[in-house]
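S.K.: The following file, my_file_13.json, comprises JSON, C-alpha atoms:
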```json
[["chain", "number", "residue", "atom", "x", "y", "z"],
["A", 161, "VAL", "CA", 0.00, 0.00, 0.00],
["A", 162, "GLN", "CA", 1.33, 3.40, -0.98],
["A", 163, "LEU", "CA", -0.24, 6.65, 0.14],
["A", 164, "GLN", "CA", 0.44, 10.01, -1.46],
["A", 165, "ALA", "CA", -0.75, 13.08, 0.42],
["A", 166, "SER", "CA", -1.01, 16.45, -1.28],
["A", 167, "GLY", "CA", -2.68, 19.83, -1.02],
["A", 168, "GLY", "CA", -0.70, 21.48, 1.74],
["A", 169, "GLY", "CA", 0.51, 25.04, 1.55],
["A", 170, "LEU", "CA", 0.70, 28.45, 3.17],
["A", 171, "VAL", "CA", -2.62, 30.05, 4.02],
["A", 172, "GLN", "CA", -3.91, 32.78, 6.29],
["A", 173, "ALA", "CA", -5.97, 32.29, 9.43],
["A", 174, "GLY", "CA", -9.61, 31.83, 8.54],
["A", 175, "ASP", "CA", -8.87, 30.31, 5.13],
["A", 176, "SER", "CA", -9.85, 26.86, 3.93],
["A", 177, "LEU", "CA", -7.73, 24.12, 2.44],
["A", 178, "ARG", "CA", -8.40, 20.61, 1.19],
["A", 179, "LEU", "CA", -5.88, 17.84, 1.52],
["A", 180, "SER", "CA", -5.98, 14.75, -0.66],
["A", 181, "CYS", "CA", -4.54, 11.31, -0.14],
["A", 182, "ALA", "CA", -4.35, 8.94, -3.09],
["A", 183, "ALA", "CA", -3.89, 5.28, -2.31],
["A", 184, "SER", "CA", -2.21, 2.70, -4.49],
["A", 185, "VAL", "CA", -3.84, -0.46, -3.24],
["A", 186, "ARG", "CA", -5.86, -3.28, -4.73],
["A", 187, "THR", "CA", -8.88, -2.98, -2.43],
["A", 188, "PHE", "CA", -9.09, 0.48, -0.93],
["A", 189, "SER", "CA", -12.40, -0.35, 0.70],
["A", 190, "ASN", "CA", -10.65, -2.79, 3.05],
["A", 191, "TYR", "CA", -9.06, 0.12, 4.88],
["A", 192, "ASP", "CA", -10.24, 2.64, 7.40],
["A", 193, "MET", "CA", -8.39, 5.87, 6.68],
["A", 194, "GLY", "CA", -7.07, 8.48, 9.04],
["A", 195, "TRP", "CA", -5.44, 11.88, 9.04],
["A", 196, "PHE", "CA", -2.85, 12.82, 11.63],
["A", 197, "ARG", "CA", -0.64, 15.84, 12.10],
["A", 198, "GLN", "CA", 2.67, 16.48, 13.73],
["A", 199, "VAL", "CA", 4.66, 19.47, 14.82],
["A", 200, "VAL", "CA", 8.40, 19.16, 15.37],
["A", 201, "GLY", "CA", 9.08, 18.11, 18.92],
["A", 202, "LYS", "CA", 5.55, 16.91, 19.58],
["A", 203, "GLU", "CA", 3.78, 13.61, 19.27],
["A", 204, "ARG", "CA", 1.69, 12.77, 16.24],
["A", 205, "GLU", "CA", -1.86, 13.94, 16.84],
["A", 206, "PHE", "CA", -5.05, 12.30, 15.61],
["A", 207, "VAL", "CA", -7.12, 14.57, 13.36],
["A", 208, "ALA", "CA", -9.86, 12.53, 11.71],
["A", 209, "ALA", "CA", -10.80, 9.03, 10.61],
["A", 210, "ILE", "CA", -13.30, 7.46, 8.26],
["A", 211, "SER", "CA", -14.55, 3.92, 8.04],
["A", 212, "ARG", "CA", -13.80, 1.79, 5.04],
["A", 213, "SER", "CA", -17.31, 2.26, 3.65],
["A", 214, "GLY", "CA", -17.37, 5.96, 4.46],
["A", 215, "ASP", "CA", -20.49, 5.73, 6.59],
["A", 216, "SER", "CA", -18.73, 6.55, 9.84],
["A", 217, "THR", "CA", -16.40, 9.44, 10.60],
["A", 218, "TYR", "CA", -14.77, 10.86, 13.69],
["A", 219, "CYS", "CA", -12.81, 14.05, 14.26],
["A", 220, "GLY", "CA", -10.55, 15.03, 17.09],
["A", 221, "ASP", "CA", -11.78, 17.65, 19.54],
["A", 222, "SER", "CA", -9.35, 20.31, 18.31],
["A", 223, "VAL", "CA", -10.77, 20.22, 14.78],
["A", 224, "LYS", "CA", -14.36, 19.15, 15.34],
["A", 225, "GLY", "CA", -16.75, 21.43, 13.51],
["A", 226, "ARG", "CA", -14.00, 22.83, 11.27],
["A", 227, "PHE", "CA", -12.55, 19.77, 9.50],
["A", 228, "THR", "CA", -14.38, 17.11, 7.52],
["A", 229, "ILE", "CA", -13.05, 13.80, 6.28],
["A", 230, "SER", "CA", -14.49, 12.05, 3.24],
["A", 231, "ARG", "CA", -13.53, 9.36, 0.76],
["A", 232, "ASP", "CA", -14.35, 7.97, -2.65],
["A", 233, "ASN", "CA", -13.55, 4.28, -2.90],
["A", 234, "ALA", "CA", -13.93, 4.33, -6.68],
["A", 235, "LYS", "CA", -11.09, 6.87, -6.83],
["A", 236, "ASN", "CA", -8.98, 5.36, -4.03],
["A", 237, "THR", "CA", -8.88, 8.79, -2.44],
["A", 238, "VAL", "CA", -9.57, 10.31, 0.95],
["A", 239, "TRP", "CA", -9.84, 14.04, 1.60],
["A", 240, "LEU", "CA", -9.56, 16.32, 4.57],
["A", 241, "GLN", "CA", -11.50, 19.54, 4.13],
["A", 242, "MET", "CA", -10.18, 22.13, 6.54],
["A", 243, "MET", "CA", -12.09, 25.33, 7.25],
["A", 244, "ARG", "CA", -11.51, 28.32, 9.50],
["A", 245, "LEU", "CA", -7.87, 27.42, 9.80],
["A", 246, "GLU", "CA", -5.95, 28.67, 12.81],
["A", 247, "PRO", "CA", -2.21, 29.13, 13.38],
["A", 248, "GLY", "CA", -2.43, 26.18, 15.76],
["A", 249, "ASP", "CA", -3.31, 23.96, 12.80],
["A", 250, "THR", "CA", 0.19, 24.44, 11.38],
["A", 251, "ALA", "CA", 1.78, 21.01, 11.07],
["A", 252, "VAL", "CA", 2.79, 18.27, 8.70],
["A", 253, "TYR", "CA", -0.34, 16.30, 7.87],
["A", 254, "TYR", "CA", -0.16, 12.57, 7.24],
["A", 255, "CYS", "CA", -2.72, 10.18, 5.88],
["A", 256, "ALA", "CA", -2.71, 6.61, 7.12],
["A", 257, "ALA", "CA", -4.45, 3.33, 6.36],
["A", 258, "TYR", "CA", -5.70, 0.73, 8.79],
["A", 259, "PHE", "CA", -6.63, -2.72, 7.50],
["A", 260, "ALA", "CA", -10.17, -3.05, 8.75],
["A", 261, "ARG", "CA", -11.77, -5.81, 6.76],
["A", 262, "TYR", "CA", -12.21, -7.98, 9.85],
["A", 263, "LYS", "CA", -12.33, -5.22, 12.43],
["A", 264, "ILE", "CA", -15.17, -4.89, 14.87],
["A", 265, "GLY", "CA", -15.48, -1.73, 16.87],
["A", 266, "PRO", "CA", -15.06, 2.03, 16.60],
["A", 267, "LEU", "CA", -12.65, 3.94, 14.40],
["A", 268, "THR", "CA", -9.05, 3.76, 15.47],
["A", 269, "THR", "CA", -7.42, 6.97, 16.64],
["A", 270, "ALA", "CA", -4.07, 5.61, 17.83],
["A", 271, "PRO", "CA", -1.33, 6.21, 15.26],
["A", 272, "ALA", "CA", 0.58, 3.12, 16.34],
["A", 273, "LEU", "CA", -2.26, 0.91, 15.13],
["A", 274, "TYR", "CA", -2.26, 2.19, 11.56],
["A", 275, "ASP", "CA", -0.54, -0.03, 9.04],
["A", 276, "TYR", "CA", 0.57, 2.33, 6.29],
["A", 277, "TRP", "CA", 1.55, 6.00, 6.13],
["A", 278, "GLY", "CA", 1.95, 8.63, 3.47],
["A", 279, "GLN", "CA", 4.89, 11.00, 3.30],
["A", 280, "GLY", "CA", 3.13, 14.03, 4.77],
["A", 281, "THR", "CA", 2.17, 17.43, 3.44],
["A", 282, "LEU", "CA", 2.97, 20.69, 5.21],
["A", 283, "VAL", "CA", 0.21, 23.09, 6.17],
["A", 284, "THR", "CA", 1.26, 26.50, 7.43],
["A", 285, "VAL", "CA", -1.33, 28.92, 8.75],
["A", 286, "SER", "CA", -0.20, 32.50, 9.25],
["A", 287, "SER", "CA", -1.92, 34.86, 11.66]]
```
As a first step, turn the structure in this file into structure tokens.
M.R.:
Amino acid sequence: VQLQASGGGLVQAGDSLRLSCAASVRTFSNYDMGWFRQVVGKEREFVAAISRSGDSTYCGDSVKGRFTISRDNAKNTVWLQMMRLEPGDTAVYYCAAYFARYKIGPLTTAPALYDYWGQGTLVTVSS
């Protein structure tokens, strides 16, 4: 599984940005997908996750109401729509895949449990 994240950039506070993650995988719908972010010197932080069918999503408290995760299994792509960006959202954003074909239970928010990671895309929000 290869994941390619894109869409990062420099924006101003209050702006919107949409990140994309394209997956090279035979059966994308076997995977729950997640977005995480990391600032140098800090641990990787959960941002959002979506179930393999797309019918269940969950966002972290710091982005709830501002960020939305979605996916299109026909396009092997997951997106993170970010609105009302704040300087505190500045980070490298990573997409990740969790093999969930046989999983029972809620979406996984722990980065250590994800199986595959993209290379990251930098989002910088200026004040």
S.K.: So, with all atoms listed in the file as the atoms that count, which of A:Ser176, A:Ser189, A:Ser184, A:Thr269 lies closest to Ala234 of chain A?
M.R.: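 Comparing A:Ser176, A:Ser189, A:Ser184, A:Thr269 against Ala234 of chain A, the winner is A:Ser189.
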S.K.: Set up a box along x, y and z of the file covering all listed atoms of segment 212-225 of chain A, add 5 Å on every one of the six sides, and write the centre and edge lengths in Å to one decimal, as JSON.
M.R.:
```
{"center_x": -14.9, "center_y": 11.6, "center_z": 11.6, "size_x": 21.1, "size_y": 29.6, "size_z": 25.9}
```
S.K.: Just the residues within 9 Å of Leu177 of chain A, please, counting all atoms listed in the file, with nothing from its chain fewer than 2 positions along; format it as an MDAnalysis selection string.
M.R.: chainID A and resid 167:169 171 175 179 240:243 245 283
S.K.: For a quick check of understanding, using all atoms listed in the file, which of A:Tyr191, A:Trp277, A:Phe206, A:Phe227 has the smallest distance to Trp239 of chain A?
M.R.: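 Of A:Tyr191, A:Trp277, A:Phe206, A:Phe227, the one nearest Trp239 of chain A, counting all atoms listed in the file, is A:Phe227.
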S.K.: How many Å lie between atom CA of Ala270 of chain A and atom CA of Gln172 of chain A, rounded to one decimal?
M.R.: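 Separating atom CA of Ala270 of chain A from atom CA of Gln172 of chain A is a distance of 29.5 Å.
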S.K.: Measure the distance from atom CA of Phe259 of chain A to atom CA of Gln198 of chain A in Å and round it to one decimal.
M.R.: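 These atoms are spaced 22.2 Å apart.
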S.K.: Take atom CA of Thr228 of chain A and atom CA of Arg178 of chain A and report the distance between them in Å, one decimal.
M.R.: 9.4 Å
S.K.: Which residue out of A:Thr284, A:Ser216, A:Ser180, A:Ser222 has the minimum interatomic distance to Ala256 of chain A when only C-alpha atoms are used?
M.R.: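 Once distances to Ala256 of chain A are computed over only C-alpha atoms, the minimum belongs to A:Ser180.
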